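The structure under discussion appears below in the form of structure tokens.
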Amino acid sequence: GKVQCWGDSRDGGSCIDVDFAGVTDVYSNEYAFAALNKDTGKVQCWGDSRFGGNCSDLDLDGVTEVYSTSWLFMALNKNTGKAQCWGWSKAVGSCSDLDFAGVTDVYSTGEDFVALNKNTGKALCWPDNTCDSIDFDGLFASDVPTPAPTPAPTPAPTPAPPKSGIAGIIDVYSTYEAFVALNKNTGNAQCWGSSNFGGACGDVNFAGVTDVY
């Protein structure tokens, strides 16, 4: 449980007051850190309090994952679908009222989050609802055909079609101000965010693409 920190003390370079006993993961944004004990769900924060360096007034019990943008943190309890967000007040955008039940993955740019349920193809975006027009259902659609029944003296039942969340598994990638969601099985992709940072990809052919960097 021993840790040493260095750098600008205002942005987390000093952590002598932090108890790291039992800490399993440490997360960061540009100005602060958050240390999580996954066994207890306890979170400790340090660094610039304006950007998430103070979380002492938050109820973070039961947290399973922590995510960040440049100025914000999000602590998620995947078991309950509840979350807390904290950091820069001008960008924080409350997430305590959002329902994260079933969320499988959370991604971020420098400014925004997107929470995705890969089993249903549903997504939540905040602080700015930048993905409201994105067709995630279309991304999850599969080109995999439904197998025909196997001929037999006693006809076998027709296998059920694959679940869209399995057949159309997608991955999300990000730059500082844009996202791209890619279905590797079909080559379908959706991009959103600032066009200057990759938020427009209508002219890109993603057929056969397996990874985005």
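Chains: A, B, ... in order of the structure tokens. Residues: from 1 per chain. Ligands: from 1, in order shown.
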Apply DSSP to the backbone of this structure and, from region 89-123 of chain A, keep only the residues in strand (DSSP E); write these as a PDB file with N, CA, C and O atoms, in the first residue's frame.
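part_1.pdb was written with the following content:
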```pdb
ATOM      1  N   ASP A 105     -19.785  -0.930 -21.308  1.00  0.00           N
ATOM      2  CA  ASP A 105     -18.549  -0.188 -21.563  1.00  0.00           C
ATOM      3  C   ASP A 105     -18.810   1.308 -21.510  1.00  0.00           C
ATOM      4  O   ASP A 105     -19.895   1.769 -21.904  1.00  0.00           O
ATOM      5  N   VAL A 106     -17.816   2.047 -21.048  1.00  0.00           N
ATOM      6  CA  VAL A 106     -17.877   3.511 -21.040  1.00  0.00           C
ATOM      7  C   VAL A 106     -16.631   4.030 -21.743  1.00  0.00           C
ATOM      8  O   VAL A 106     -15.513   3.572 -21.479  1.00  0.00           O
ATOM      9  N   TYR A 107     -16.826   4.982 -22.651  1.00  0.00           N
ATOM     10  CA  TYR A 107     -15.723   5.572 -23.401  1.00  0.00           C
ATOM     11  C   TYR A 107     -15.749   7.086 -23.188  1.00  0.00           C
ATOM     12  O   TYR A 107     -16.758   7.643 -22.788  1.00  0.00           O
ATOM     13  N   SER A 108     -14.636   7.748 -23.502  1.00  0.00           N
ATOM     14  CA  SER A 108     -14.600   9.197 -23.305  1.00  0.00           C
ATOM     15  C   SER A 108     -13.687   9.874 -24.305  1.00  0.00           C
ATOM     16  O   SER A 108     -12.746   9.268 -24.838  1.00  0.00           O
ATOM     17  N   PHE A 113     -18.566  11.776 -22.311  1.00  0.00           N
ATOM     18  CA  PHE A 113     -18.640  10.336 -22.087  1.00  0.00           C
ATOM     19  C   PHE A 113     -19.694   9.718 -22.998  1.00  0.00           C
ATOM     20  O   PHE A 113     -20.670  10.373 -23.382  1.00  0.00           O
ATOM     21  N   VAL A 114     -19.520   8.440 -23.317  1.00  0.00           N
ATOM     22  CA  VAL A 114     -20.583   7.638 -23.917  1.00  0.00           C
ATOM     23  C   VAL A 114     -20.579   6.290 -23.213  1.00  0.00           C
ATOM     24  O   VAL A 114     -19.543   5.647 -23.071  1.00  0.00           O
ATOM     25  N   ALA A 115     -21.747   5.895 -22.709  1.00  0.00           N
ATOM     26  CA  ALA A 115     -21.921   4.612 -22.036  1.00  0.00           C
ATOM     27  C   ALA A 115     -22.737   3.713 -22.953  1.00  0.00           C
ATOM     28  O   ALA A 115     -23.819   4.092 -23.397  1.00  0.00           O
ATOM     29  N   LEU A 116     -22.216   2.523 -23.226  1.00  0.00           N
ATOM     30  CA  LEU A 116     -22.828   1.643 -24.212  1.00  0.00           C
ATOM     31  C   LEU A 116     -23.232   0.315 -23.591  1.00  0.00           C
ATOM     32  O   LEU A 116     -22.490  -0.273 -22.799  1.00  0.00           O
ATOM     33  N   ASN A 117     -24.425  -0.134 -23.926  1.00  0.00           N
ATOM     34  CA  ASN A 117     -24.872  -1.475 -23.573  1.00  0.00           C
ATOM     35  C   ASN A 117     -24.751  -2.319 -24.839  1.00  0.00           C
ATOM     36  O   ASN A 117     -25.572  -2.215 -25.750  1.00  0.00           O
ATOM     37  N   LYS A 122     -27.934   0.164 -27.006  1.00  0.00           N
ATOM     38  CA  LYS A 122     -28.373   1.458 -26.504  1.00  0.00           C
ATOM     39  C   LYS A 122     -27.181   2.220 -25.906  1.00  0.00           C
ATOM     40  O   LYS A 122     -26.262   1.622 -25.349  1.00  0.00           O
ATOM     41  N   ALA A 123     -27.240   3.548 -26.006  1.00  0.00           N
ATOM     42  CA  ALA A 123     -26.138   4.367 -25.525  1.00  0.00           C
ATOM     43  C   ALA A 123     -26.644   5.607 -24.801  1.00  0.00           C
ATOM     44  O   ALA A 123     -27.739   6.100 -25.077  1.00  0.00           O
TER      45      ALA A 123
END
```
If we count only C-alpha atoms, what is near Lys82 (chain A) at a cut-off of 9 Å, once residues fewer than 2 positions away on the same chain are taken out, given as a compact mmCIF listing (two decimals) with N, CA, C and O atoms, in the first residue's frame?
```
# COMPACT_ATOMS: atom_id res chain seq x y z
N VAL A 63 -18.65 1.28 -5.74
CA VAL A 63 -18.16 1.60 -7.07
C VAL A 63 -17.38 0.42 -7.65
O VAL A 63 -16.57 -0.20 -6.96
N ALA A 75 -17.80 7.68 -11.52
CA ALA A 75 -17.71 6.44 -10.76
C ALA A 75 -18.99 5.66 -10.98
O ALA A 75 -20.09 6.17 -10.71
N LEU A 76 -18.88 4.42 -11.44
CA LEU A 76 -20.05 3.62 -11.80
C LEU A 76 -20.12 2.36 -10.95
O LEU A 76 -19.12 1.69 -10.71
N ASN A 77 -21.32 2.07 -10.48
CA ASN A 77 -21.61 0.80 -9.84
C ASN A 77 -22.40 -0.03 -10.85
O ASN A 77 -23.59 0.19 -11.06
N LYS A 78 -21.72 -0.96 -11.52
CA LYS A 78 -22.38 -1.75 -12.56
C LYS A 78 -23.44 -2.68 -11.98
O LYS A 78 -24.32 -3.14 -12.71
N ASN A 79 -23.34 -2.96 -10.70
CA ASN A 79 -24.32 -3.86 -10.09
C ASN A 79 -25.67 -3.19 -9.90
O ASN A 79 -26.72 -3.85 -9.95
N THR A 80 -25.67 -1.87 -9.70
CA THR A 80 -26.93 -1.14 -9.47
C THR A 80 -27.31 -0.23 -10.62
O THR A 80 -28.45 0.23 -10.69
N GLN A 84 -21.96 8.44 -10.23
CA GLN A 84 -21.72 9.80 -9.74
C GLN A 84 -20.65 10.42 -10.61
O GLN A 84 -19.67 9.77 -10.97
N CYS A 95 -24.75 13.12 -13.72
CA CYS A 95 -25.09 11.80 -14.27
C CYS A 95 -25.80 10.94 -13.23
O CYS A 95 -26.08 9.78 -13.49
N SER A 96 -26.11 11.52 -12.08
CA SER A 96 -26.76 10.75 -11.02
C SER A 96 -28.19 10.37 -11.38
O SER A 96 -28.74 9.43 -10.82
N ASP A 97 -28.79 11.11 -12.33
CA ASP A 97 -30.17 10.83 -12.73
C ASP A 97 -30.26 9.91 -13.94
O ASP A 97 -31.36 9.56 -14.38
N LEU A 98 -29.11 9.52 -14.49
CA LEU A 98 -29.10 8.64 -15.65
C LEU A 98 -29.15 7.18 -15.21
O LEU A 98 -28.58 6.82 -14.18
N ASP A 99 -29.79 6.35 -16.00
CA ASP A 99 -29.91 4.93 -15.68
C ASP A 99 -28.86 4.15 -16.46
O ASP A 99 -28.95 4.02 -17.68
N PHE A 100 -27.86 3.66 -15.76
CA PHE A 100 -26.77 2.93 -16.40
C PHE A 100 -26.94 1.41 -16.30
O PHE A 100 -25.99 0.67 -16.51
N ALA A 101 -28.15 0.97 -15.99
CA ALA A 101 -28.41 -0.46 -15.88
C ALA A 101 -28.05 -1.15 -17.20
O ALA A 101 -28.48 -0.73 -18.27
```
Next item on the list: Identify which of the residues A:Ser56, A:Cys85, A:Gly102, A:Leu139 lies closest to Trp126 (chain A), counting only C-alpha atoms when measuring atom-to-atom distances.
Entry: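 Of the candidates, the smallest distance to Trp126 (chain A) is held by A:Cys85.
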Notebook entry, point to check: How many Å separate CA of Cys125 (chain A) from CA of Gly193 (chain A)?
Noted result: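 Separation between CA of Cys125 (chain A) and CA of Gly193 (chain A): 11.3 Å.
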Long-range neighbours of Gly41 (chain A) as a PDB file with N, CA and C atoms, in the first residue's frame, 8 Å cut-off, only C-alpha atoms, 6 positions minimum in chain:
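New file out.pdb:
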```pdb
ATOM      1  N   LEU A  60     -19.698   7.131  -2.686  1.00  0.00           N
ATOM      2  CA  LEU A  60     -19.151   6.291  -3.751  1.00  0.00           C
ATOM      3  C   LEU A  60     -19.053   4.829  -3.329  1.00  0.00           C
ATOM      4  N   ASP A  61     -19.760   4.441  -2.303  1.00  0.00           N
ATOM      5  CA  ASP A  61     -19.728   3.057  -1.852  1.00  0.00           C
ATOM      6  C   ASP A  61     -20.229   2.124  -2.955  1.00  0.00           C
ATOM      7  N   GLY A  62     -19.542   1.021  -3.141  1.00  0.00           N
ATOM      8  CA  GLY A  62     -19.963   0.021  -4.119  1.00  0.00           C
ATOM      9  C   GLY A  62     -19.503   0.281  -5.531  1.00  0.00           C
ATOM     10  N   VAL A  63     -18.648   1.277  -5.735  1.00  0.00           N
ATOM     11  CA  VAL A  63     -18.161   1.601  -7.075  1.00  0.00           C
ATOM     12  C   VAL A  63     -17.377   0.417  -7.648  1.00  0.00           C
ATOM     13  N   THR A  64     -17.631   0.109  -8.921  1.00  0.00           N
ATOM     14  CA  THR A  64     -16.912  -0.974  -9.586  1.00  0.00           C
ATOM     15  C   THR A  64     -15.941  -0.477 -10.653  1.00  0.00           C
TER      16      THR A  64
END
```
Margin query: Residues within 9 Å of Gly202 (chain A), please, as a VMD selection string. Count only C-alpha atoms; anything in the same chain fewer than 5 positions from it doesn't count.
Written below: chain A and resid 189 to 191
Please produce an output containing all heavy atoms for each residue in the selection, written as a compact mmCIF listing (two decimals), in the first residue's frame.
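So the final result, stored in part_5.txt, reads:
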```txt
# COMPACT_ATOMS: atom_id res chain seq x y z
N ALA A 189 -19.93 2.02 -39.68
CA ALA A 189 -19.36 2.90 -38.66
C ALA A 189 -20.17 4.18 -38.57
O ALA A 189 -20.81 4.61 -39.52
CB ALA A 189 -17.90 3.23 -38.97
N GLN A 190 -20.15 4.77 -37.38
CA GLN A 190 -20.76 6.06 -37.15
C GLN A 190 -19.73 6.92 -36.41
O GLN A 190 -19.07 6.45 -35.48
CB GLN A 190 -22.01 5.92 -36.27
CG GLN A 190 -23.13 5.13 -36.91
CD GLN A 190 -24.15 6.02 -37.61
OE1 GLN A 190 -23.99 7.23 -37.66
NE2 GLN A 190 -25.19 5.41 -38.13
N CYS A 191 -19.60 8.17 -36.83
CA CYS A 191 -18.69 9.10 -36.19
C CYS A 191 -19.47 10.32 -35.72
O CYS A 191 -20.43 10.74 -36.38
CB CYS A 191 -17.59 9.55 -37.14
SG CYS A 191 -16.56 8.20 -37.77
```
Give one line per residue of region 31-92 of chain A that approaches region 6-20 of chain A to at most 8 Å, naming the two atoms of the closest pair and their distance in Å to one decimal, counting only C-alpha atoms; sort by chain then ascending residue number and deliver it as a tab-separated table.
```
residue	atom	partner	partner_atom	distance
A:Tyr31	CA	A:Asp11	CA	4.5
A:Ala32	CA	A:Asp11	CA	5.4
A:Phe33	CA	A:Gly12	CA	6.4
A:Ala35	CA	A:Phe20	CA	7.7
A:Gln44	CA	A:Val18	CA	7.3
A:Trp46	CA	A:Gly12	CA	5.7
A:Gly47	CA	A:Gly12	CA	3.8
A:Asp48	CA	A:Asp11	CA	5.1
A:Gly53	CA	A:Gly12	CA	7.7
```
Now that the selection is made, can you save its residues with all heavy atoms as a compact mmCIF listing (two decimals), in the first residue's frame?
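Okay, this is what ended up in part23.txt:
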```txt
# COMPACT_ATOMS: atom_id res chain seq x y z
N TYR A 31 -5.74 16.81 -14.25
CA TYR A 31 -5.41 17.60 -13.08
C TYR A 31 -5.60 16.88 -11.74
O TYR A 31 -5.36 17.48 -10.70
CB TYR A 31 -6.27 18.88 -13.06
CG TYR A 31 -6.14 19.70 -14.32
CD1 TYR A 31 -7.09 19.61 -15.33
CD2 TYR A 31 -5.06 20.57 -14.50
CE1 TYR A 31 -6.97 20.36 -16.49
CE2 TYR A 31 -4.94 21.32 -15.66
CZ TYR A 31 -5.89 21.22 -16.66
OH TYR A 31 -5.78 21.97 -17.80
N ALA A 32 -6.05 15.64 -11.76
CA ALA A 32 -6.35 14.96 -10.50
C ALA A 32 -6.29 13.45 -10.67
O ALA A 32 -6.25 12.93 -11.78
CB ALA A 32 -7.73 15.38 -9.99
N PHE A 33 -6.30 12.77 -9.51
CA PHE A 33 -6.28 11.31 -9.48
C PHE A 33 -7.44 10.79 -8.64
O PHE A 33 -7.96 11.49 -7.77
CB PHE A 33 -4.98 10.79 -8.84
CG PHE A 33 -3.74 11.04 -9.64
CD1 PHE A 33 -2.98 12.19 -9.42
CD2 PHE A 33 -3.30 10.14 -10.58
CE1 PHE A 33 -1.81 12.43 -10.13
CE2 PHE A 33 -2.14 10.36 -11.31
CZ PHE A 33 -1.40 11.51 -11.09
N ALA A 35 -8.24 6.97 -6.64
CA ALA A 35 -7.78 5.62 -6.31
C ALA A 35 -8.97 4.80 -5.83
O ALA A 35 -9.71 5.22 -4.94
CB ALA A 35 -6.70 5.68 -5.24
N GLN A 44 -10.75 7.36 -3.26
CA GLN A 44 -10.06 8.53 -2.70
C GLN A 44 -9.55 9.38 -3.86
O GLN A 44 -9.08 8.86 -4.87
CB GLN A 44 -8.88 8.10 -1.83
CG GLN A 44 -9.27 7.26 -0.63
CD GLN A 44 -8.04 6.89 0.18
OE1 GLN A 44 -7.55 7.66 1.00
NE2 GLN A 44 -7.53 5.70 -0.06
N TRP A 46 -7.35 13.04 -5.12
CA TRP A 46 -6.41 14.11 -4.77
C TRP A 46 -5.96 14.82 -6.04
O TRP A 46 -6.09 14.30 -7.14
CB TRP A 46 -5.21 13.57 -3.97
CG TRP A 46 -4.22 12.73 -4.74
CD1 TRP A 46 -3.02 13.13 -5.24
CD2 TRP A 46 -4.36 11.35 -5.09
NE1 TRP A 46 -2.40 12.10 -5.88
CE2 TRP A 46 -3.19 10.99 -5.79
CE3 TRP A 46 -5.35 10.39 -4.87
CZ2 TRP A 46 -2.99 9.70 -6.28
CZ3 TRP A 46 -5.15 9.10 -5.36
CH2 TRP A 46 -3.99 8.77 -6.04
N GLY A 47 -5.48 16.04 -5.87
CA GLY A 47 -5.11 16.89 -6.98
C GLY A 47 -5.91 18.18 -6.92
O GLY A 47 -6.34 18.61 -5.85
N ASP A 48 -6.13 18.80 -8.07
CA ASP A 48 -6.87 20.06 -8.13
C ASP A 48 -8.34 19.79 -7.86
O ASP A 48 -9.02 19.10 -8.63
CB ASP A 48 -6.69 20.69 -9.52
CG ASP A 48 -7.14 22.15 -9.56
OD1 ASP A 48 -8.14 22.47 -8.89
OD2 ASP A 48 -6.51 22.95 -10.28
N GLY A 53 -10.29 16.62 -7.84
CA GLY A 53 -9.33 16.21 -6.82
C GLY A 53 -9.91 16.07 -5.43
O GLY A 53 -9.21 15.70 -4.49
```
Next item on the list: Could you tell me how far CA of Phe73 (chain A) lies from CA of Thr210 (chain A), in Å and to one decimal?
Entry: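 If I compute the distance from CA of Phe73 (chain A) to CA of Thr210 (chain A), I get 29.5 Å.
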Margin query: Residues near Ala207 (chain A), anyone? I mean within 10 Å using only C-alpha atoms, not counting same-chain ones fewer than 5 positions away, as a PyMOL selection string.
Written below: chain A and resi 183-189
Next item on the list: Determine the nearest neighbour of Pro127 (chain A) from the options A:Cys201, A:Ala83, A:Ala178, A:Leu72, counting only C-alpha atoms.
Entry: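 Under the stated criterion, the closest residue is A:Leu72.
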